[in-house]
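Student: Pasting entry10.tsv below, which is TSV, C-alpha atoms.
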chain	number	residue	atom	x	y	z
A	1158	GLN	CA	182.03	87.34	-85.22
A	1159	VAL	CA	183.56	86.29	-81.93
A	1160	GLN	CA	186.52	87.95	-80.25
A	1161	LEU	CA	188.64	86.08	-77.72
A	1162	VAL	CA	191.15	87.62	-75.33
A	1163	GLU	CA	193.43	85.46	-73.19
A	1164	SER	CA	195.10	86.52	-69.97
A	1165	GLY	CA	197.20	84.97	-67.24
A	1166	GLY	CA	200.38	83.87	-68.97
A	1167	GLY	CA	203.82	84.20	-67.50
A	1168	LEU	CA	207.03	82.63	-66.30
A	1169	VAL	CA	206.88	80.04	-63.54
A	1170	GLN	CA	209.06	77.32	-62.10
A	1171	ALA	CA	208.42	73.64	-62.59
A	1172	GLY	CA	205.80	72.34	-60.18
A	1173	ALA	CA	203.99	75.65	-59.96
A	1174	SER	CA	200.41	76.40	-60.89
A	1175	LEU	CA	198.99	78.97	-63.27
A	1176	ARG	CA	195.51	79.89	-64.40
A	1177	LEU	CA	194.63	81.17	-67.85
A	1178	SER	CA	191.41	82.92	-68.67
A	1179	CYS	CA	189.73	83.66	-71.98
A	1180	ALA	CA	186.97	86.20	-72.37
A	1181	ALA	CA	184.64	86.00	-75.34
A	1182	SER	CA	182.73	88.88	-76.86
A	1183	GLY	CA	180.70	89.50	-79.97
A	1184	SER	CA	178.30	86.80	-81.16
A	1185	ILE	CA	178.72	84.81	-77.97
A	1186	PHE	CA	175.26	83.26	-78.19
A	1187	SER	CA	176.53	81.19	-81.11
A	1188	ILE	CA	179.48	79.62	-79.26
A	1189	ASN	CA	179.19	75.89	-78.70
A	1190	LEU	CA	182.55	74.38	-77.92
A	1191	MET	CA	185.48	76.23	-76.33
A	1192	GLY	CA	188.97	75.02	-75.79
A	1193	TRP	CA	192.67	75.62	-75.34
A	1194	TYR	CA	195.48	74.82	-77.73
A	1195	ARG	CA	199.20	75.31	-77.38
A	1196	GLN	CA	202.15	75.62	-79.69
A	1197	ALA	CA	205.72	75.08	-78.59
A	1198	PRO	CA	208.65	76.37	-80.65
A	1199	GLY	CA	209.18	74.21	-83.70
A	1200	LYS	CA	206.10	72.11	-83.04
A	1201	GLN	CA	202.59	71.99	-84.38
A	1202	ARG	CA	199.74	73.54	-82.50
A	1203	GLU	CA	198.03	70.89	-80.38
A	1204	LEU	CA	194.80	70.58	-78.47
A	1205	VAL	CA	195.16	70.88	-74.71
A	1206	GLY	CA	191.51	70.40	-73.90
A	1207	SER	CA	187.99	71.47	-74.69
A	1208	ILE	CA	184.66	71.98	-72.96
A	1209	THR	CA	181.13	71.94	-74.28
A	1210	ARG	CA	178.43	74.40	-73.33
A	1211	GLY	CA	177.08	71.72	-71.01
A	1212	GLY	CA	180.42	71.26	-69.27
A	1213	SER	CA	181.71	68.02	-70.79
A	1214	THR	CA	185.48	68.11	-71.05
A	1215	ASN	CA	188.16	66.45	-73.10
A	1216	TYR	CA	191.91	66.59	-72.44
A	1217	ALA	CA	195.13	65.67	-74.14
A	1218	ASP	CA	196.80	62.71	-72.47
A	1219	SER	CA	199.82	64.85	-71.65
A	1220	VAL	CA	197.81	67.13	-69.35
A	1221	LYS	CA	195.22	64.78	-67.87
A	1222	GLY	CA	195.19	64.99	-64.11
A	1223	ARG	CA	197.16	68.24	-64.10
A	1224	PHE	CA	195.03	70.68	-66.12
A	1225	THR	CA	191.37	71.51	-65.64
A	1226	ILE	CA	189.13	73.44	-68.01
A	1227	SER	CA	186.11	75.28	-66.71
A	1228	ARG	CA	183.56	77.51	-68.33
A	1229	ASP	CA	181.21	80.23	-67.15
A	1230	ASN	CA	178.49	80.63	-69.75
A	1231	ALA	CA	177.00	83.61	-67.94
A	1232	LYS	CA	180.31	85.51	-68.02
A	1233	ASN	CA	181.34	84.11	-71.41
A	1234	THR	CA	184.68	82.95	-70.11
A	1235	VAL	CA	186.68	79.76	-70.24
A	1236	SER	CA	189.58	79.06	-67.90
A	1237	LEU	CA	192.48	76.66	-67.81
A	1238	GLN	CA	193.85	75.74	-64.39
A	1239	MET	CA	197.32	74.30	-64.81
A	1240	ASN	CA	198.93	72.48	-61.90
A	1241	SER	CA	202.24	70.68	-61.56
A	1242	LEU	CA	203.63	72.52	-64.55
A	1243	LYS	CA	206.55	70.98	-66.40
A	1244	PRO	CA	209.14	72.55	-68.68
A	1245	GLU	CA	207.54	70.71	-71.59
A	1246	ASP	CA	204.37	72.70	-70.98
A	1247	THR	CA	206.22	75.77	-72.23
A	1248	ALA	CA	204.31	77.12	-75.22
A	1249	VAL	CA	202.02	79.82	-76.48
A	1250	TYR	CA	198.52	78.96	-75.32
A	1251	TYR	CA	195.55	79.87	-77.47
A	1252	CYS	CA	191.88	80.03	-76.68
A	1253	LYS	CA	189.53	78.75	-79.37
A	1254	ALA	CA	185.77	78.91	-79.81
A	1255	TRP	CA	183.57	77.05	-82.23
A	1256	THR	CA	180.23	78.35	-83.44
A	1257	SER	CA	179.72	75.47	-85.85
A	1258	SER	CA	181.64	72.52	-87.22
A	1259	THR	CA	183.20	74.76	-89.83
A	1260	GLN	CA	183.43	78.13	-88.07
A	1261	ASN	CA	185.89	78.82	-85.31
A	1262	TYR	CA	187.81	81.70	-83.77
A	1263	TRP	CA	191.18	82.08	-82.09
A	1264	GLY	CA	192.55	84.33	-79.41
A	1265	GLN	CA	195.86	86.09	-79.83
A	1266	GLY	CA	197.73	83.68	-77.57
A	1267	THR	CA	199.56	84.02	-74.28
A	1268	GLN	CA	203.06	82.77	-73.48
A	1269	ILE	CA	203.65	80.23	-70.73
A	1270	THR	CA	207.25	79.52	-69.83
A	1271	VAL	CA	208.09	76.86	-67.26
A	1272	SER	CA	211.67	76.85	-66.01
A	1273	SER	CA	213.31	73.74	-64.62
If you took the structure in this file and wrote it as structure tokens, what would it be?
Tutor:
Amino acid sequence: QVQLVESGGGLVQAGASLRLSCAASGSIFSINLMGWYRQAPGKQRELVGSITRGGSTNYADSVKGRFTISRDNAKNTVSLQMNSLKPEDTAVYYCKAWTSSTQNYWGQGTQITVSS
């Protein structure tokens, strides 16, 4: 089992920056891929970006150049640095960890609200 706890959400104005963090505990040795998803009201949950244990990243087109994912394997954390935030970035952001292609875990989510 893996437990994930996100922190760092809040209300910001458009153009601001915010950093989310996700701390993993439990069977952390089994975590391969980690990532961030988000879900806006009335929309499906979507991938924001992901990072492998080796540090390779992948981003949604909508956040490329503005968001950066980083990972500290020693501290078992993954972070999401969000710059130049837009109102359309408003959503609940979830941390996700994969231990295999069929086993994954979610955090409880943290709200990001970007006002115009």
Student: For A:Phe1224, which residue among A:Ser1174, A:Gly1199, A:Tyr1262, A:Gly1211 is the nearest when counting all atoms listed in the file?
Tutor: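 Among the listed residues, A:Ser1174 lies closest to A:Phe1224.
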Student: Just the residues within 9 Å of A:Arg1223, please, counting only C-alpha atoms, with nothing from its chain fewer than 5 positions along; format it as a ChimeraX atom specification.
Tutor: /A:1238-1242
Student: Rounded to one decimal place, report the atom CA of A:Thr1247-atom CA of A:Ser1207 distance in Å.
Tutor: 18.9 Å
Student: Figure out the distance between atom CA of A:Gln1158 and atom CA of A:Glu1203, please, to one decimal in Å.
Tutor: 23.5 Å
Student: Counting only C-alpha atoms, figure out which residue out of A:Val1162, A:Val1169, A:Ala1217, A:Leu1237 gets nearest to A:Ser1272.
Tutor: A:Val1169
Student: May I ask which of the residues A:Asn1189, A:Thr1259, A:Thr1267, A:Asn1233 is the closest one to A:Arg1176, counting only C-alpha atoms?
Tutor: A:Thr1267
Student: I need the residue nearest A:Thr1225 from this list: A:Gln1201, A:Ser1258, A:Gln1170, A:Ser1178. Use all atoms listed in the file for the distance.
Tutor: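 Residue with the minimum atom-to-atom distance to A:Thr1225: A:Ser1178.
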Student: Separation of atom CA of A:Glu1163 and atom CA of A:Ile1188, in Å?
Tutor: 16.3 Å
Student: Could you name the residues that touch A:Asn1230 at 9 Å or less, counting all atoms listed in the file, but leaving out those on the same chain fewer than 4 positions away, as number ranges by chain?
Tutor: A: 1210, 1234-1235
Student: Name the closest residue to A:Gly1166 among the candidates A:Lys1253, A:Glu1245, A:Ser1236, A:Gly1192; distances are taken between atoms, counting only C-alpha atoms.
Tutor: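 Checking each of A:Lys1253, A:Glu1245, A:Ser1236, A:Gly1192 against A:Gly1166, counting only C-alpha atoms, the winner is A:Ser1236.
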Student: Between A:Ile1208, A:Ala1197, A:Ala1231, A:Val1220, which is the closest to A:Ala1248 once you count all atoms listed in the file?
Tutor: A:Ala1197
Student: Applying 12 Å and only C-alpha atoms, which residues near A:Gln1268 remain after dropping the ones on its own chain fewer than 3 positions away? List them as a PyMOL selection string.
Tutor: chain A and resi 1163-1169+1175+1177+1194-1198+1246-1252+1265+1271
Student: Edge lengths and centre, in Å to one decimal, as AutoDock Vina command-line options: that's what I need for the box along x, y and z that holds all listed atoms of stretch 1236-1244 of chain A plus 8 Å on each side.
Tutor:
--center_x 199.4 --center_y 74.9 --center_z -65.1 --size_x 35.6 --size_y 24.4 --size_z 23.1
Student: Complete the atom set of stretch 1222-1238 of chain A to N, CA and C atoms and return it as a PDB file, in the frame of the given file.
Tutor:
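Printed below is part12.pdb as written:
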ATOM      1  N   GLY A1222     194.844  65.044 -65.512  1.00  0.00           N
ATOM      2  CA  GLY A1222     195.190  64.990 -64.110  1.00  0.00           C
ATOM      3  C   GLY A1222     195.931  66.201 -63.595  1.00  0.00           C
ATOM      4  N   ARG A1223     196.429  67.035 -64.504  1.00  0.00           N
ATOM      5  CA  ARG A1223     197.160  68.240 -64.100  1.00  0.00           C
ATOM      6  C   ARG A1223     196.402  69.528 -64.490  1.00  0.00           C
ATOM      7  N   PHE A1224     195.732  69.500 -65.615  1.00  0.00           N
ATOM      8  CA  PHE A1224     195.030  70.680 -66.120  1.00  0.00           C
ATOM      9  C   PHE A1224     193.521  70.483 -66.001  1.00  0.00           C
ATOM     10  N   THR A1225     192.828  71.552 -65.735  1.00  0.00           N
ATOM     11  CA  THR A1225     191.370  71.510 -65.640  1.00  0.00           C
ATOM     12  C   THR A1225     190.782  72.699 -66.394  1.00  0.00           C
ATOM     13  N   ILE A1226     189.842  72.394 -67.268  1.00  0.00           N
ATOM     14  CA  ILE A1226     189.130  73.440 -68.010  1.00  0.00           C
ATOM     15  C   ILE A1226     187.783  73.680 -67.348  1.00  0.00           C
ATOM     16  N   SER A1227     187.429  74.934 -67.230  1.00  0.00           N
ATOM     17  CA  SER A1227     186.110  75.280 -66.710  1.00  0.00           C
ATOM     18  C   SER A1227     185.522  76.397 -67.562  1.00  0.00           C
ATOM     19  N   ARG A1228     184.236  76.544 -67.453  1.00  0.00           N
ATOM     20  CA  ARG A1228     183.560  77.510 -68.330  1.00  0.00           C
ATOM     21  C   ARG A1228     182.431  78.178 -67.555  1.00  0.00           C
ATOM     22  N   ASP A1229     182.304  79.459 -67.737  1.00  0.00           N
ATOM     23  CA  ASP A1229     181.210  80.230 -67.150  1.00  0.00           C
ATOM     24  C   ASP A1229     180.401  80.814 -68.286  1.00  0.00           C
ATOM     25  N   ASN A1230     179.294  80.182 -68.618  1.00  0.00           N
ATOM     26  CA  ASN A1230     178.490  80.630 -69.750  1.00  0.00           C
ATOM     27  C   ASN A1230     177.875  82.017 -69.500  1.00  0.00           C
ATOM     28  N   ALA A1231     177.592  82.314 -68.254  1.00  0.00           N
ATOM     29  CA  ALA A1231     177.000  83.610 -67.940  1.00  0.00           C
ATOM     30  C   ALA A1231     178.000  84.749 -68.159  1.00  0.00           C
ATOM     31  N   LYS A1232     179.280  84.473 -67.873  1.00  0.00           N
ATOM     32  CA  LYS A1232     180.310  85.510 -68.020  1.00  0.00           C
ATOM     33  C   LYS A1232     181.049  85.379 -69.343  1.00  0.00           C
ATOM     34  N   ASN A1233     180.708  84.328 -70.116  1.00  0.00           N
ATOM     35  CA  ASN A1233     181.340  84.110 -71.410  1.00  0.00           C
ATOM     36  C   ASN A1233     182.856  83.969 -71.289  1.00  0.00           C
ATOM     37  N   THR A1234     183.251  83.183 -70.322  1.00  0.00           N
ATOM     38  CA  THR A1234     184.680  82.950 -70.110  1.00  0.00           C
ATOM     39  C   THR A1234     184.967  81.453 -70.046  1.00  0.00           C
ATOM     40  N   VAL A1235     186.187  81.120 -70.411  1.00  0.00           N
ATOM     41  CA  VAL A1235     186.680  79.760 -70.240  1.00  0.00           C
ATOM     42  C   VAL A1235     188.055  79.877 -69.591  1.00  0.00           C
ATOM     43  N   SER A1236     188.336  79.003 -68.644  1.00  0.00           N
ATOM     44  CA  SER A1236     189.580  79.060 -67.900  1.00  0.00           C
ATOM     45  C   SER A1236     190.330  77.743 -68.014  1.00  0.00           C
ATOM     46  N   LEU A1237     191.626  77.838 -67.813  1.00  0.00           N
ATOM     47  CA  LEU A1237     192.480  76.660 -67.810  1.00  0.00           C
ATOM     48  C   LEU A1237     193.346  76.715 -66.556  1.00  0.00           C
ATOM     49  N   GLN A1238     193.048  75.848 -65.607  1.00  0.00           N
ATOM     50  CA  GLN A1238     193.850  75.740 -64.390  1.00  0.00           C
ATOM     51  C   GLN A1238     194.944  74.720 -64.642  1.00  0.00           C
TER      52      GLN A1238
END
